[in-house]
file coords_12.cif (mmCIF, C-alpha atoms)
data_coords
#
loop_
_atom_site.group_PDB
_atom_site.id
_atom_site.type_symbol
_atom_site.label_atom_id
_atom_site.label_comp_id
_atom_site.auth_asym_id
_atom_site.auth_seq_id
_atom_site.Cartn_x
_atom_site.Cartn_y
_atom_site.Cartn_z
ATOM 1 C CA MET V 1 0.000 0.000 0.000
ATOM 2 C CA VAL V 2 1.358 3.437 -0.955
ATOM 3 C CA LYS V 3 1.444 5.875 1.929
ATOM 4 C CA TYR V 4 -0.717 8.975 1.627
ATOM 5 C CA ASN V 5 2.297 11.275 1.868
ATOM 6 C CA ASP V 6 4.718 9.211 -0.261
ATOM 7 C CA LYS V 7 5.785 11.912 -2.736
ATOM 8 C CA ASN V 8 7.991 9.513 -4.711
ATOM 9 C CA ALA V 9 5.027 7.351 -5.724
ATOM 10 C CA PRO V 10 2.514 8.318 -8.427
ATOM 11 C CA LEU V 11 -0.575 10.062 -7.117
ATOM 12 C CA LEU V 12 -2.435 8.942 -10.233
ATOM 13 C CA LYS V 13 -1.381 5.747 -12.007
ATOM 14 C CA ILE V 14 -3.179 4.258 -15.002
ATOM 15 C CA ASN V 15 -2.388 1.019 -16.793
ATOM 16 C CA ASN V 16 -4.247 -0.963 -19.450
ATOM 17 C CA MET V 17 -6.952 1.660 -19.969
ATOM 18 C CA THR V 18 -9.492 0.879 -22.672
ATOM 19 C CA VAL V 19 -12.477 3.013 -23.636
ATOM 20 C CA THR V 20 -15.057 1.498 -25.960
ATOM 21 C CA PHE V 21 -17.957 3.294 -27.607
ATOM 22 C CA THR V 22 -21.153 1.489 -28.553
ATOM 23 C CA GLN V 23 -22.691 2.661 -31.817
ATOM 24 C CA TYR V 24 -25.503 1.489 -34.026
ATOM 25 C CA ASP V 25 -24.753 1.111 -37.709
ATOM 26 C CA ARG V 26 -27.358 0.515 -40.403
ATOM 27 C CA GLY V 27 -30.432 0.029 -38.313
ATOM 28 C CA LEU V 28 -30.003 -2.062 -35.162
ATOM 29 C CA LYS V 29 -26.539 -3.449 -35.911
ATOM 30 C CA LYS V 30 -24.415 -2.697 -32.852
ATOM 31 C CA THR V 31 -20.743 -1.813 -33.272
ATOM 32 C CA GLU V 32 -18.088 -1.623 -30.567
ATOM 33 C CA LEU V 33 -15.355 0.945 -31.238
ATOM 34 C CA PRO V 34 -12.267 0.606 -28.989
ATOM 35 C CA VAL V 35 -11.089 4.214 -29.288
ATOM 36 C CA ILE V 36 -8.548 3.798 -26.471
ATOM 37 C CA ARG V 37 -6.472 0.654 -26.101
ATOM 38 C CA ASP V 38 -3.786 -0.059 -23.518
ATOM 39 C CA LEU V 39 -3.305 3.532 -22.430
ATOM 40 C CA ALA V 40 -0.810 4.134 -19.626
ATOM 41 C CA VAL V 41 0.146 7.315 -17.786
ATOM 42 C CA GLU V 42 1.180 8.354 -14.293
ATOM 43 C CA VAL V 43 1.850 11.625 -12.489
ATOM 44 C CA ARG V 44 3.478 12.319 -9.130
ATOM 45 C CA PRO V 45 2.962 15.081 -6.572
ATOM 46 C CA GLY V 46 4.985 18.141 -7.533
ATOM 47 C CA GLU V 47 5.168 17.035 -11.165
ATOM 48 C CA THR V 48 3.652 18.316 -14.392
ATOM 49 C CA VAL V 49 3.109 15.748 -17.138
ATOM 50 C CA ALA V 50 2.115 16.955 -20.604
ATOM 51 C CA VAL V 51 -0.006 14.601 -22.692
ATOM 52 C CA ILE V 52 0.740 15.206 -26.373
ATOM 53 C CA GLY V 53 -0.971 13.814 -29.453
ATOM 54 C CA SER V 54 -2.936 14.759 -32.533
ATOM 55 C CA SER V 55 -6.733 14.961 -32.664
ATOM 56 C CA GLY V 56 -8.289 11.544 -32.191
ATOM 57 C CA SER V 57 -5.377 10.148 -30.193
ATOM 58 C CA GLY V 58 -7.458 9.832 -27.011
ATOM 59 C CA LYS V 59 -6.114 12.759 -24.990
ATOM 60 C CA SER V 60 -9.446 14.273 -23.923
ATOM 61 C CA LEU V 61 -11.024 10.865 -23.345
ATOM 62 C CA LEU V 62 -8.290 10.177 -20.816
ATOM 63 C CA ALA V 63 -9.324 13.263 -18.835
ATOM 64 C CA HIS V 64 -13.018 12.415 -19.007
ATOM 65 C CA ALA V 65 -12.369 8.798 -17.977
ATOM 66 C CA VAL V 66 -10.355 9.798 -14.902
ATOM 67 C CA MET V 67 -13.016 12.310 -13.846
ATOM 68 C CA GLY V 68 -15.876 9.895 -14.510
ATOM 69 C CA VAL V 69 -17.626 12.073 -17.100
ATOM 70 C CA LEU V 70 -17.541 9.851 -20.194
ATOM 71 C CA PRO V 71 -20.569 9.853 -22.543
ATOM 72 C CA TYR V 72 -23.391 7.433 -21.787
ATOM 73 C CA ASN V 73 -22.400 5.090 -24.631
ATOM 74 C CA ALA V 74 -18.800 4.700 -23.474
ATOM 75 C CA GLU V 75 -17.396 1.940 -21.285
ATOM 76 C CA MET V 76 -14.033 2.245 -19.546
ATOM 77 C CA LYS V 77 -11.817 -0.453 -18.082
ATOM 78 C CA ALA V 78 -8.476 0.263 -16.437
ATOM 79 C CA ASP V 79 -6.054 -0.537 -13.659
ATOM 80 C CA MET V 80 -6.348 2.913 -12.094
ATOM 81 C CA THR V 81 -5.135 3.980 -8.664
ATOM 82 C CA TYR V 82 -5.144 7.263 -6.787
ATOM 83 C CA ASP V 83 -2.730 7.609 -3.889
ATOM 84 C CA GLY V 84 -2.063 3.867 -4.064
ATOM 85 C CA GLU V 85 -5.705 2.824 -3.743
ATOM 86 C CA LEU V 86 -8.198 1.723 -6.360
ATOM 87 C CA LEU V 87 -9.852 4.627 -8.143
ATOM 88 C CA ASP V 88 -13.326 3.375 -8.909
ATOM 89 C CA LYS V 89 -16.542 5.198 -9.762
ATOM 90 C CA LYS V 90 -17.558 5.717 -6.127
ATOM 91 C CA ARG V 91 -14.176 7.151 -5.160
ATOM 92 C CA ILE V 92 -14.063 9.397 -8.234
ATOM 93 C CA GLU V 93 -17.398 10.924 -7.238
ATOM 94 C CA MET V 94 -16.084 11.531 -3.713
ATOM 95 C CA LEU V 95 -12.840 13.198 -4.851
ATOM 96 C CA ARG V 96 -14.077 15.069 -7.927
ATOM 97 C CA GLY V 97 -14.272 18.810 -7.396
ATOM 98 C CA ASN V 98 -12.304 18.566 -4.157
ATOM 99 C CA GLU V 99 -8.964 16.757 -4.366
ATOM 100 C CA MET V 100 -9.368 16.154 -8.104
ATOM 101 C CA VAL V 101 -10.231 19.093 -10.378
ATOM 102 C CA MET V 102 -10.467 19.390 -14.133
ATOM 103 C CA VAL V 103 -10.141 22.346 -16.482
ATOM 104 C CA PRO V 104 -12.353 21.239 -19.401
ATOM 105 C CA GLN V 105 -11.661 22.004 -23.031
ATOM 106 C CA SER V 106 -15.187 23.055 -23.971
ATOM 107 C CA LEU V 107 -16.520 26.434 -22.885
ATOM 108 C CA SER V 108 -19.953 24.798 -22.658
ATOM 109 C CA PHE V 109 -18.964 23.591 -19.175
ATOM 110 C CA LEU V 110 -19.639 27.130 -17.948
ATOM 111 C CA ASN V 111 -23.169 27.657 -16.666
ATOM 112 C CA PRO V 112 -24.788 30.305 -18.921
ATOM 113 C CA LEU V 113 -27.261 31.247 -16.175
ATOM 114 C CA MET V 114 -24.733 31.840 -13.412
ATOM 115 C CA LYS V 115 -22.488 34.841 -12.908
ATOM 116 C CA ILE V 116 -18.758 34.291 -13.377
ATOM 117 C CA GLY V 117 -17.768 35.051 -9.783
ATOM 118 C CA GLN V 118 -20.301 32.589 -8.399
ATOM 119 C CA GLN V 119 -19.114 29.856 -10.750
ATOM 120 C CA ILE V 120 -15.465 30.231 -9.807
ATOM 121 C CA LYS V 121 -16.113 30.487 -6.060
ATOM 122 C CA LYS V 122 -18.659 27.643 -6.139
ATOM 123 C CA GLY V 123 -20.913 29.337 -3.627
ATOM 124 C CA ARG V 124 -18.175 30.267 -1.162
ATOM 125 C CA ASN V 125 -17.886 33.866 0.016
ATOM 126 C CA ASP V 126 -15.226 33.776 2.731
ATOM 127 C CA ASN V 127 -12.364 36.267 2.863
ATOM 128 C CA GLU V 128 -9.685 33.796 1.726
ATOM 129 C CA THR V 129 -11.677 32.745 -1.354
ATOM 130 C CA ASN V 130 -12.436 36.351 -2.298
ATOM 131 C CA LYS V 131 -8.763 37.275 -1.875
ATOM 132 C CA ARG V 132 -7.665 34.363 -4.069
ATOM 133 C CA LEU V 133 -10.204 35.332 -6.720
ATOM 134 C CA ASN V 134 -8.986 38.940 -6.755
ATOM 135 C CA ASN V 135 -5.402 37.742 -7.189
ATOM 136 C CA ILE V 136 -6.380 35.400 -10.026
ATOM 137 C CA PHE V 137 -8.264 38.148 -11.848
ATOM 138 C CA GLU V 138 -5.267 40.441 -11.498
ATOM 139 C CA GLN V 139 -2.914 37.796 -12.888
ATOM 140 C CA PHE V 140 -5.193 37.085 -15.842
ATOM 141 C CA GLU V 141 -5.894 40.755 -16.497
ATOM 142 C CA LEU V 142 -9.620 40.369 -15.891
ATOM 143 C CA ASP V 143 -11.548 43.393 -14.656
ATOM 144 C CA LYS V 144 -13.396 42.881 -11.367
ATOM 145 C CA LYS V 145 -16.668 43.731 -13.086
ATOM 146 C CA VAL V 146 -16.366 40.373 -14.896
ATOM 147 C CA MET V 147 -17.359 38.701 -11.620
ATOM 148 C CA ASN V 148 -20.906 40.007 -12.081
ATOM 149 C CA MET V 149 -21.133 39.125 -15.770
ATOM 150 C CA TYR V 150 -22.401 35.989 -17.513
ATOM 151 C CA PRO V 151 -20.366 33.779 -19.896
ATOM 152 C CA PHE V 152 -22.244 35.025 -22.996
ATOM 153 C CA GLU V 153 -21.061 38.557 -22.210
ATOM 154 C CA LEU V 154 -17.390 37.564 -22.455
ATOM 155 C CA SER V 155 -15.117 36.704 -25.365
ATOM 156 C CA GLY V 156 -13.904 33.160 -25.929
ATOM 157 C CA GLY V 157 -10.453 34.012 -24.603
ATOM 158 C CA MET V 158 -11.884 35.559 -21.440
ATOM 159 C CA ASN V 159 -14.072 32.518 -20.833
ATOM 160 C CA ARG V 160 -10.999 30.327 -21.285
ATOM 161 C CA ARG V 161 -9.270 32.260 -18.506
ATOM 162 C CA VAL V 162 -12.377 31.792 -16.347
ATOM 163 C CA LEU V 163 -12.184 28.008 -16.843
ATOM 164 C CA VAL V 164 -8.555 27.983 -15.716
ATOM 165 C CA SER V 165 -9.550 30.107 -12.710
ATOM 166 C CA THR V 166 -11.966 27.402 -11.514
ATOM 167 C CA ALA V 167 -8.941 25.178 -10.836
ATOM 168 C CA LEU V 168 -6.709 27.893 -9.391
ATOM 169 C CA ILE V 169 -9.298 28.860 -6.767
ATOM 170 C CA GLU V 170 -9.038 25.382 -5.223
ATOM 171 C CA HIS V 171 -6.240 23.575 -3.366
ATOM 172 C CA PRO V 172 -6.373 20.282 -5.301
ATOM 173 C CA ARG V 173 -3.969 17.365 -5.152
ATOM 174 C CA LEU V 174 -4.638 16.377 -8.779
ATOM 175 C CA VAL V 175 -5.256 18.833 -11.623
ATOM 176 C CA ILE V 176 -6.214 17.708 -15.115
ATOM 177 C CA ALA V 177 -6.210 20.500 -17.704
ATOM 178 C CA ASP V 178 -7.729 19.523 -21.042
ATOM 179 C CA GLU V 179 -6.427 21.877 -23.762
ATOM 180 C CA PRO V 180 -6.442 24.930 -21.463
ATOM 181 C CA THR V 181 -4.845 27.442 -23.867
ATOM 182 C CA PRO V 182 -6.796 27.572 -27.202
ATOM 183 C CA GLY V 183 -8.119 31.087 -27.836
ATOM 184 C CA LEU V 184 -5.440 32.686 -25.672
ATOM 185 C CA ASP V 185 -2.715 34.876 -27.137
ATOM 186 C CA PRO V 186 0.843 33.507 -26.697
ATOM 187 C CA ALA V 187 1.627 35.636 -23.651
ATOM 188 C CA MET V 188 -1.594 34.680 -21.867
ATOM 189 C CA ALA V 189 -1.163 31.005 -22.826
ATOM 190 C CA LYS V 190 2.289 31.012 -21.236
ATOM 191 C CA ARG V 191 0.862 32.692 -18.152
ATOM 192 C CA ALA V 192 -1.851 30.030 -17.843
ATOM 193 C CA MET V 193 0.727 27.249 -18.157
ATOM 194 C CA SER V 194 2.925 28.954 -15.571
ATOM 195 C CA HIS V 195 0.030 28.816 -13.096
ATOM 196 C CA PHE V 196 -0.193 25.038 -13.550
ATOM 197 C CA ARG V 197 3.562 24.896 -12.996
ATOM 198 C CA ASP V 198 3.093 26.858 -9.756
ATOM 199 C CA MET V 199 0.426 24.401 -8.616
ATOM 200 C CA ALA V 200 2.858 21.538 -9.184
ATOM 201 C CA ASN V 201 5.598 23.418 -7.339
ATOM 202 C CA ASN V 202 3.193 23.692 -4.412
ATOM 203 C CA GLY V 203 2.746 19.912 -4.344
ATOM 204 C CA ALA V 204 -0.089 19.138 -6.753
ATOM 205 C CA ALA V 205 0.136 16.480 -9.454
ATOM 206 C CA VAL V 206 -0.689 18.200 -12.760
ATOM 207 C CA LEU V 207 -1.676 16.523 -16.008
ATOM 208 C CA VAL V 208 -1.869 18.982 -18.926
ATOM 209 C CA ILE V 209 -3.428 17.715 -22.148
ATOM 210 C CA THR V 210 -2.311 19.819 -25.085
ATOM 211 C CA HIS V 211 -1.416 19.835 -28.778
ATOM 212 C CA ASP V 212 1.185 22.577 -28.244
ATOM 213 C CA LEU V 213 4.434 20.686 -27.711
ATOM 214 C CA GLU V 214 6.668 23.755 -27.583
ATOM 215 C CA LEU V 215 4.523 25.388 -24.893
ATOM 216 C CA ALA V 216 4.418 22.144 -22.921
ATOM 217 C CA LEU V 217 8.197 21.807 -22.970
ATOM 218 C CA GLU V 218 8.525 25.178 -21.222
ATOM 219 C CA THR V 219 6.635 24.071 -18.105
ATOM 220 C CA ALA V 220 6.333 20.251 -17.943
ATOM 221 C CA ASP V 221 8.661 17.701 -16.358
ATOM 222 C CA ARG V 222 7.700 14.786 -18.574
ATOM 223 C CA VAL V 223 5.841 14.247 -21.839
ATOM 224 C CA SER V 224 3.504 11.321 -22.501
ATOM 225 C CA VAL V 225 2.913 10.815 -26.232
ATOM 226 C CA PHE V 226 -0.385 9.345 -27.474
ATOM 227 C CA TYR V 227 -1.124 7.917 -30.916
ATOM 228 C CA SER V 228 -4.344 6.221 -32.066
ATOM 229 C CA GLY V 229 -5.555 5.613 -28.520
ATOM 230 C CA THR V 230 -2.268 4.156 -27.272
ATOM 231 C CA THR V 231 0.627 5.498 -25.220
ATOM 232 C CA ILE V 232 3.740 5.145 -27.361
ATOM 233 C CA GLU V 233 6.367 7.024 -25.332
ATOM 234 C CA ASP V 234 7.012 8.628 -21.979
ATOM 235 C CA ALA V 235 10.027 10.950 -22.013
ATOM 236 C CA SER V 236 11.651 13.594 -19.887
ATOM 237 C CA VAL V 237 11.451 17.154 -21.187
ATOM 238 C CA LYS V 238 15.261 17.076 -21.372
ATOM 239 C CA ASP V 239 15.008 14.258 -23.927
ATOM 240 C CA PHE V 240 13.552 16.776 -26.387
ATOM 241 C CA GLU V 241 16.812 18.706 -26.485
ATOM 242 C CA LYS V 242 18.100 16.337 -29.169
ATOM 243 C CA GLU V 243 16.391 13.894 -31.521
ATOM 244 C CA GLU V 244 18.709 11.031 -30.577
ATOM 245 C CA TYR V 245 17.556 11.218 -26.956
ATOM 246 C CA LEU V 246 14.014 10.280 -28.019
ATOM 247 C CA ARG V 247 12.881 6.702 -28.633
ATOM 248 C CA HIS V 248 9.790 6.347 -30.826
ATOM 249 C CA PRO V 249 9.755 7.340 -34.533
ATOM 250 C CA TYR V 250 6.534 9.320 -34.046
ATOM 251 C CA THR V 251 7.989 11.297 -31.144
ATOM 252 C CA LYS V 252 11.011 12.053 -33.316
ATOM 253 C CA ALA V 253 8.631 13.191 -36.074
ATOM 254 C CA LEU V 254 6.974 15.558 -33.579
ATOM 255 C CA TRP V 255 10.425 16.892 -32.702
ATOM 256 C CA HIS V 256 11.168 17.591 -36.384
ATOM 257 C CA ALA V 257 7.757 19.261 -36.806
ATOM 258 C CA MET V 258 8.594 21.936 -34.236
ATOM 259 C CA PRO V 259 9.400 25.317 -35.865
ATOM 260 C CA ARG V 260 12.802 25.474 -34.213
ATOM 261 C CA ASN V 261 13.710 22.097 -35.743
ATOM 262 C CA GLY V 262 12.726 22.809 -39.330
ATOM 263 C CA PHE V 263 8.935 22.453 -39.263
ATOM 264 C CA LYS V 264 9.150 19.175 -41.216
ATOM 265 C CA PHE V 265 6.185 16.847 -41.595
ATOM 266 C CA ILE V 266 5.589 13.201 -42.451
ATOM 267 C CA SER V 267 3.066 11.920 -44.958
ATOM 268 C CA GLY V 268 -0.066 9.994 -44.073
ATOM 269 C CA ASN V 269 -2.708 10.248 -41.365
ATOM 270 C CA GLN V 270 -3.497 8.604 -38.080
ATOM 271 C CA SER V 271 -5.439 5.384 -38.727
ATOM 272 C CA TYR V 272 -9.165 5.314 -38.013
ATOM 273 C CA VAL V 273 -10.150 3.031 -35.151
ATOM 274 C CA LYS V 274 -11.860 0.572 -37.544
ATOM 275 C CA ASN V 275 -8.743 0.291 -39.697
ATOM 276 C CA LEU V 276 -5.931 -0.064 -37.213
ATOM 277 C CA PRO V 277 -2.930 -2.106 -38.379
ATOM 278 C CA LYS V 278 -1.613 -5.181 -36.631
ATOM 279 C CA GLY V 279 0.993 -4.506 -33.995
ATOM 280 C CA CYS V 280 2.352 -0.968 -33.997
ATOM 281 C CA VAL V 281 -0.377 1.634 -34.639
ATOM 282 C CA PHE V 282 2.187 3.966 -36.224
ATOM 283 C CA SER V 283 3.622 1.381 -38.646
ATOM 284 C CA PRO V 284 1.741 2.568 -41.806
ATOM 285 C CA ARG V 285 3.594 5.917 -41.557
ATOM 286 C CA CYS V 286 6.885 4.695 -40.108
ATOM 287 C CA PRO V 287 9.954 4.844 -42.388
ATOM 288 C CA PHE V 288 11.661 2.193 -40.252
ATOM 289 C CA LYS V 289 8.907 -0.437 -40.412
ATOM 290 C CA THR V 290 9.998 -4.061 -40.202
ATOM 291 C CA LYS V 291 8.171 -7.391 -40.019
ATOM 292 C CA GLU V 292 8.498 -7.265 -36.240
ATOM 293 C CA CYS V 293 6.275 -4.172 -36.180
ATOM 294 C CA GLU V 294 3.280 -6.419 -36.907
ATOM 295 C CA LEU V 295 3.742 -8.102 -33.524
ATOM 296 C CA THR V 296 2.270 -6.909 -30.222
ATOM 297 C CA GLN V 297 4.295 -3.943 -28.996
ATOM 298 C CA GLU V 298 5.260 -4.086 -25.328
ATOM 299 C CA TYR V 299 5.373 -0.789 -23.427
ATOM 300 C CA ARG V 300 8.870 -1.128 -22.007
ATOM 301 C CA SER V 301 11.450 0.891 -20.114
ATOM 302 C CA LEU V 302 14.339 2.259 -22.154
ATOM 303 C CA ARG V 303 17.028 4.835 -21.358
ATOM 304 C CA GLY V 304 15.162 6.433 -18.480
ATOM 305 C CA GLY V 305 11.823 6.578 -20.267
ATOM 306 C CA LYS V 306 9.264 4.208 -21.768
ATOM 307 C CA VAL V 307 8.478 3.292 -25.362
ATOM 308 C CA ARG V 308 6.151 1.061 -27.357
ATOM 309 C CA CYS V 309 8.412 0.183 -30.289
ATOM 310 C CA VAL V 310 10.176 -3.124 -30.865
ATOM 311 C CA ASN V 311 12.965 -1.451 -32.830
ATOM 312 C CA ALA V 312 13.709 1.381 -30.391
ATOM 313 C CA LYS V 313 17.213 1.276 -28.907
#
call {"tool": "encode", "arguments": {"input": "coords_12.cif", "output": "structure tokens"}}
result
Amino acid sequence: MVKYNDKNAPLLKINNMTVTFTQYDRGLKKTELPVIRDLAVEVRPGETVAVIGSSGSGKSLLAHAVMGVLPYNAEMKADMTYDGELLDKKRIEMLRGNEMVMVPQSLSFLNPLMKIGQQIKKGRNDNETNKRLNNIFEQFELDKKVMNMYPFELSGGMNRRVLVSTALIEHPRLVIADEPTPGLDPAMAKRAMSHFRDMANNGAAVLVITHDLELALETADRVSVFYSGTTIEDASVKDFEKEEYLRHPYTKALWHAMPRNGFKFISGNQSYVKNLPKGCVFSPRCPFKTKECELTQEYRSLRGGKVRCVNAK
């Protein structure tokens, strides 16, 4: 059993996560779509882990699965622990909004009929909460009059800052931020990410889901790379200093796609869930594909990180 205050152990640990959607195709024919398969990620107190991947890789579904807010037609299975104990539906409901908070991607999570200040403070009106809210508004350059406004009266960027504020007002142990920076200008996006870094520095475990690799590298400790619903690499931020430090061909392709590294791209697209290849999910686009890539790919430790590639050395 992991001790409650064991800071060297993961606060959140997920292995073998699968998320399957049930759909009906052509009348009453039921189809099961395994959109996430064998996903693995962990985050420790005081650490920020950035989850990187293209659209459809399963990043947001990870956040929704952990917080217990998946759609009605989705089923999740996973070996998931929080603070060393099983994280099941009952425990999620107990911790959600208290120890575990989420910054959602969609602005629709804001209540259109409730004033901004009330939403952030969640009904509290004590001096400490009001002081924290004033500080947050000052940091995000939001006028105090915004507290008495409704979401429809604000711009998309301002509402994005409000969503981030809902996490900052709390004292959570686990923070999951799902694409928290779209709609923000570069300076404000960096400021938002710096707040998550501060939360980690104060002891929280922070999981930031983002498509912006360069921004993530400025504030994260580790990067977990997703592709077609599978975790393919876990690497330290320092590993992104040079291509040869990285392990998986897709992670190396992401490195080359960064503006500072030439903004190069690879041909092809991420496979649709109904047309996944055998073995490695990246193999149709991989320039180093071998016959061994058609085999099951073990998620293994390598050079201080983890990788799902039989040919990685």
call {"tool": "residues_around", "arguments": {"input": "coords_12.cif", "residues": "Gly97 (chain V)", "least_positions_apart": "2", "cutoff": "10 Å", "atoms": "all atoms listed in the file", "output": "PyMOL selection string"}}
result
chain V and resi 67+92-95+99-102+122+166-167+170+172+175
call {"tool": "atom_distance", "arguments": {"input": "coords_12.cif", "atom1": "CA of Ser236 (chain V)", "atom2": "CA of Val49 (chain V)"}}
result
9.2 Å
call {"tool": "resolve_selection", "arguments": {"input": "coords_12.cif", "expression": "the PyMOL selection byres ((chain V and resi 152) around 12)", "output": "list in words"}}
result
Leu107, Ser108, Leu110, Asn111, Pro112, Leu113, Met114, Lys115, Ile116, Val146, Met149, Tyr150, Pro151, Glu153, Leu154, Ser155, Gly156, Gly157, Met158 and Asn159 of chain V
call {"tool": "resolve_selection", "arguments": {"input": "coords_12.cif", "expression": "the PyMOL selection byres ((chain V and resi 233) around 8)", "output": "short mmCIF file (atom, residue, chain, number, x, y, z; two decimals) with C-alpha atoms, keeping the file's coordinate frame"}}
result
data_model
loop_
_atom_site.label_atom_id
_atom_site.label_comp_id
_atom_site.auth_asym_id
_atom_site.auth_seq_id
_atom_site.Cartn_x
_atom_site.Cartn_y
_atom_site.Cartn_z
CA SER V 224 3.50 11.32 -22.50
CA VAL V 225 2.91 10.82 -26.23
CA PHE V 226 -0.38 9.35 -27.47
CA THR V 231 0.63 5.50 -25.22
CA ILE V 232 3.74 5.14 -27.36
CA ASP V 234 7.01 8.63 -21.98
CA ALA V 235 10.03 10.95 -22.01
CA ARG V 247 12.88 6.70 -28.63
CA HIS V 248 9.79 6.35 -30.83
CA THR V 251 7.99 11.30 -31.14
CA GLY V 305 11.82 6.58 -20.27
CA LYS V 306 9.26 4.21 -21.77
CA VAL V 307 8.48 3.29 -25.36
CA ARG V 308 6.15 1.06 -27.36
#
call {"tool": "atom_distance", "arguments": {"input": "coords_12.cif", "atom1": "CA of Arg161 (chain V)", "atom2": "CA of Asn135 (chain V)"}}
result
13.2 Å
call {"tool": "closest_atom_pairs", "arguments": {"input": "coords_12.cif", "of": "region 238-291 of chain V", "to": "region 199-213 of chain V", "cutoff": "9 Å", "atoms": "all atoms listed in the file", "output": "JSON lines"}}
result
{"residue": "V:Leu254", "atom": "CA", "partner": "V:Leu213", "partner_atom": "CA", "distance": 8.2}
{"residue": "V:Trp255", "atom": "CA", "partner": "V:Leu213", "partner_atom": "CA", "distance": 8.7}
{"residue": "V:Met258", "atom": "CA", "partner": "V:Leu213", "partner_atom": "CA", "distance": 7.8}
